[in-house]
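The block underneath contains the structure these notes are about, expressed in structure tokens.
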Amino acid sequence: MNKKVIVLMVGFLLFLAGCSGGNSGSNSGSSGSGFDVNSYSGGSDALTLEFAEGAPPEKIRDQGRFPFSVRILFENIGEYDIEENSGFVALAGADASVLGLTETSQSIPPLRGVKKISDDVRSGGKQTVTFSGLKYTENIGAGTATIPLNAYACYPYKTLAQGSLCLSGDTYQDYDSDVALCDIEGNRDSASSAAPVSVQNLEQRPAGDASIEFQFDIIHKPTTNLGRLFKNSSIESNCLINGNSPTSAGANIDEDYVYFEVSTGLENTLTLDCTSEEAGTTPNSGYARLYDDKATVYCTQDTTGLNEQQKLLKIDLSYDYLERISTDLLIEHAN
């Protein structure tokens, strides 16, 4: 064979290898639809809270002989910002008048969320809330006694999620996997911001001549075994849930609801309808109620007239979150 021909053939094969190696899909962190599946820091936490060391102290005295403070340390390790006057912390478990409490709740100061910029992850904000001037005013008579002290934190939170869809104006055509830009049917890439609620298990399938169906799961992974999820805009400044104690049947009515908003960027020109197992649509948003920390949302997207393409899917989840920490106050009788 002519040496010149061999050189040309080798060069052509190297060219083809370079072309095939340049498209690594989700293995390189890209879904092929304009978003990076590694664009979020990841994790299933929102705010963490704990009592500061020595506040409350290990023991106090009765009859108002031992003034003390309660300090609660907060850190935002999720990716959503807590705005001023949106979140609250409330003390409960003991009679406020017995502890000399003039205010049982305070606002949580603003807390920026974790920020991921390229490979750089910047920590979220830290803040402290202090309840001062507490003292146990009653006389226990003798010996020691204990009373519970609970701190509830309640705040709005949000999960931002992205995914990829494969769209085509002809969803009944036969696809040659060697030349197709994407798969009309199957699992799709998705990613969620760090939060106790996430989007998982995104998948799609054809639905008629020119439309697709897609579905995704909303999953709640509690930050602690006391982490609880409520409808957005249901918390009050004292961490009641629409006027009800968080542990009451009245609060249970609003528990485990997440508000979802879905956008393909096409809904203004082509119909997008979404619904959940629990609630209706308006038409691409609504409430989903989670059972066993899971709900599934189903959507149908009209694809009439579209060329085959990958499309960015955006999903926003809004909810209120409540957590509790507890300790016991050891009270000594002051002679």
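Letters A, B, ... mark the chains of the structure tokens in the order given; residue numbers begin at 1 per chain; ligand numbers begin at 1, in order shown.
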
**Study point:** Polymer residues at most 7 Å from stretch 79-93 of chain A, only C-alpha atoms, same-chain spacing of 3 or more positions, as a ChimeraX atom specification
**Key:** /A:104-115,148-158,193-195,237-239

According to DSSP computed on the backbone, where in stretch 114-271 of chain A is there helix (DSSP H, G or I)? Give the residues as a compact mmCIF listing (two decimals) with C-alpha atoms, in the first residue's frame.
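The result, written out as out35.txt:
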```txt
# COMPACT_ATOMS: atom_id res chain seq x y z
CA ALA A 249 -53.04 17.32 65.22
CA GLY A 250 -53.68 20.81 63.89
CA ALA A 251 -50.06 21.10 62.76
CA ASN A 252 -50.18 17.64 61.16
```

Each stretch 177-263 of chain A residue no farther than 7 Å from stretch 37-56 of chain A, nearest pair in Å, only C-alpha atoms, as CSV:
```
residue,atom,partner,partner_atom,distance
A:Ser190,CA,A:Val37,CA,6.4
A:Ala191,CA,A:Val37,CA,5.4
A:Ser192,CA,A:Tyr40,CA,6.7
A:Ser193,CA,A:Tyr40,CA,5.2
A:Ala194,CA,A:Gly42,CA,4.6
A:Ala195,CA,A:Ser44,CA,4.6
A:Pro196,CA,A:Ser44,CA,4.3
A:Val197,CA,A:Ser44,CA,6.9
A:Lys221,CA,A:Ser44,CA,6.4
A:Thr223,CA,A:Asp45,CA,5.3
```

Okay, now the selection with N, CA and C atoms, as a compact mmCIF listing (two decimals), in the first residue's frame?
```txt
# COMPACT_ATOMS: atom_id res chain seq x y z
N SER A 190 -29.96 14.61 36.86
CA SER A 190 -30.52 15.69 37.68
C SER A 190 -29.56 15.98 38.82
N ALA A 191 -29.69 17.16 39.41
CA ALA A 191 -28.86 17.55 40.54
C ALA A 191 -29.66 18.54 41.39
N SER A 192 -29.44 18.49 42.71
CA SER A 192 -30.18 19.35 43.64
C SER A 192 -29.20 20.10 44.55
N SER A 193 -29.60 21.31 44.94
CA SER A 193 -28.80 22.06 45.89
C SER A 193 -28.87 21.39 47.26
N ALA A 194 -27.88 21.67 48.10
CA ALA A 194 -27.82 21.08 49.44
C ALA A 194 -29.01 21.54 50.27
N ALA A 195 -29.80 20.59 50.71
CA ALA A 195 -31.03 20.87 51.46
C ALA A 195 -31.61 19.54 51.94
N PRO A 196 -32.52 19.57 52.91
CA PRO A 196 -33.11 18.30 53.38
C PRO A 196 -34.11 17.70 52.42
N VAL A 197 -34.48 18.43 51.35
CA VAL A 197 -35.40 17.92 50.34
C VAL A 197 -34.68 17.98 48.99
N LYS A 221 -34.98 13.90 53.28
CA LYS A 221 -34.04 13.22 54.16
C LYS A 221 -33.87 14.10 55.39
N THR A 223 -32.90 16.25 58.50
CA THR A 223 -31.58 16.65 58.99
C THR A 223 -31.25 15.96 60.31
```

Contacts of A:Ala142 at 10 Å (only C-alpha atoms; same-chain gap of 5+ positions) as a PDB file with all heavy atoms, in the first residue's frame:
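Output below, filename selection-v3.pdb:
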```
ATOM      1  N   ASP A  62     -32.778  27.315  92.675  1.00  0.00           N
ATOM      2  CA  ASP A  62     -34.168  27.773  92.685  1.00  0.00           C
ATOM      3  C   ASP A  62     -34.288  29.138  93.344  1.00  0.00           C
ATOM      4  O   ASP A  62     -33.294  29.768  93.706  1.00  0.00           O
ATOM      5  CB  ASP A  62     -35.070  26.736  93.366  1.00  0.00           C
ATOM      6  CG  ASP A  62     -34.756  26.538  94.852  1.00  0.00           C
ATOM      7  OD1 ASP A  62     -33.807  27.181  95.367  1.00  0.00           O
ATOM      8  OD2 ASP A  62     -35.447  25.737  95.500  1.00  0.00           O
ATOM      9  N   GLU A 332     -31.026  22.968  91.785  1.00  0.00           N
ATOM     10  CA  GLU A 332     -30.685  22.687  93.161  1.00  0.00           C
ATOM     11  C   GLU A 332     -31.448  23.610  94.102  1.00  0.00           C
ATOM     12  O   GLU A 332     -31.695  24.791  93.758  1.00  0.00           O
ATOM     13  CB  GLU A 332     -29.182  22.875  93.408  1.00  0.00           C
ATOM     14  CG  GLU A 332     -28.298  21.839  92.768  1.00  0.00           C
ATOM     15  CD  GLU A 332     -26.835  22.046  93.124  1.00  0.00           C
ATOM     16  OE1 GLU A 332     -26.474  23.213  93.488  1.00  0.00           O
ATOM     17  OE2 GLU A 332     -26.058  21.084  93.055  1.00  0.00           O
ATOM     18  N   HIS A 333     -31.843  23.094  95.238  1.00  0.00           N
ATOM     19  CA  HIS A 333     -32.512  23.931  96.226  1.00  0.00           C
ATOM     20  C   HIS A 333     -31.484  24.847  96.905  1.00  0.00           C
ATOM     21  O   HIS A 333     -30.422  24.407  97.352  1.00  0.00           O
ATOM     22  CB  HIS A 333     -33.203  23.067  97.279  1.00  0.00           C
ATOM     23  CG  HIS A 333     -33.859  23.855  98.366  1.00  0.00           C
ATOM     24  ND1 HIS A 333     -34.830  24.790  98.123  1.00  0.00           N
ATOM     25  CD2 HIS A 333     -33.658  23.842  99.710  1.00  0.00           C
ATOM     26  CE1 HIS A 333     -35.217  25.324  99.268  1.00  0.00           C
ATOM     27  NE2 HIS A 333     -34.516  24.753 100.265  1.00  0.00           N
ATOM     28  N   ALA A 334     -31.797  26.110  96.937  1.00  0.00           N
ATOM     29  CA  ALA A 334     -30.927  27.099  97.589  1.00  0.00           C
ATOM     30  C   ALA A 334     -31.406  27.293  99.033  1.00  0.00           C
ATOM     31  O   ALA A 334     -32.515  27.788  99.269  1.00  0.00           O
ATOM     32  CB  ALA A 334     -30.953  28.419  96.848  1.00  0.00           C
ATOM     33  N   ASN A 335     -30.582  26.900 100.040  1.00  0.00           N
ATOM     34  CA  ASN A 335     -30.963  27.024 101.458  1.00  0.00           C
ATOM     35  C   ASN A 335     -30.867  28.475 101.936  1.00  0.00           C
ATOM     36  O   ASN A 335     -30.038  29.239 101.466  1.00  0.00           O
ATOM     37  CB  ASN A 335     -30.082  26.119 102.303  1.00  0.00           C
ATOM     38  CG  ASN A 335     -30.281  24.647 101.966  1.00  0.00           C
ATOM     39  OD1 ASN A 335     -31.415  24.213 101.769  1.00  0.00           O
ATOM     40  ND2 ASN A 335     -29.181  23.899 101.856  1.00  0.00           N
TER      41      ASN A 335
END
```

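With distances restricted to only C-alpha atoms, A:His220 is the closest residue to A:Thr159 from A:Lys294, A:His220, A:Arg289, A:Lys59.
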
Practice item. Excluding A:Thr304 and any residue of its chain fewer than 2 positions from it, enumerate the residues within 6 Å of it, using only C-alpha atoms, and give them as a PyMOL selection string. Key: chain A and resi 169+210+302+306

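Relative to atom CA of A:Ser285, atom CA of A:Tyr298 is found at 10.9 Å.
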
Per-residue nearest contacts of stretch 225-255 of chain A to stretch 310-327 of chain A (10 Å; only C-alpha atoms) as CSV:
```
residue,atom,partner,partner_atom,distance
A:Asn225,CA,A:Glu323,CA,8.9
A:Leu226,CA,A:Glu323,CA,5.7
A:Gly227,CA,A:Glu323,CA,4.7
A:Arg228,CA,A:Leu322,CA,5.2
A:Leu229,CA,A:Tyr321,CA,5.0
A:Phe230,CA,A:Asp320,CA,5.0
A:Lys231,CA,A:Tyr319,CA,5.3
A:Asn232,CA,A:Tyr319,CA,4.1
A:Ser233,CA,A:Asp320,CA,6.7
A:Ser234,CA,A:Asp320,CA,6.9
A:Ile235,CA,A:Asp320,CA,6.9
A:Cys239,CA,A:Leu322,CA,7.9
A:Leu240,CA,A:Leu322,CA,9.8
A:Ile241,CA,A:Leu322,CA,9.6
A:Pro246,CA,A:Leu322,CA,8.4
A:Asp254,CA,A:Asp320,CA,10.0
A:Glu255,CA,A:Asp320,CA,9.3
```

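Distances to A:Phe74 were evaluated for A:Val129, A:Leu202, A:Ala145, A:Cys299 using only C-alpha atoms, and the minimum falls at A:Val129.
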
**Study point:** Nearest candidate to A:Leu165 (options A:Val70, A:Ala94, A:Leu266, A:Leu101; using only C-alpha atoms)
**Key:** A:Leu266

Check your understanding: So which residues touch A:Val297 within 9 Å, counting only C-alpha atoms, skipping near sequence neighbours fewer than 5 positions away, as a ChimeraX atom specification?
Key -> /A:214-218,260,274-277,288
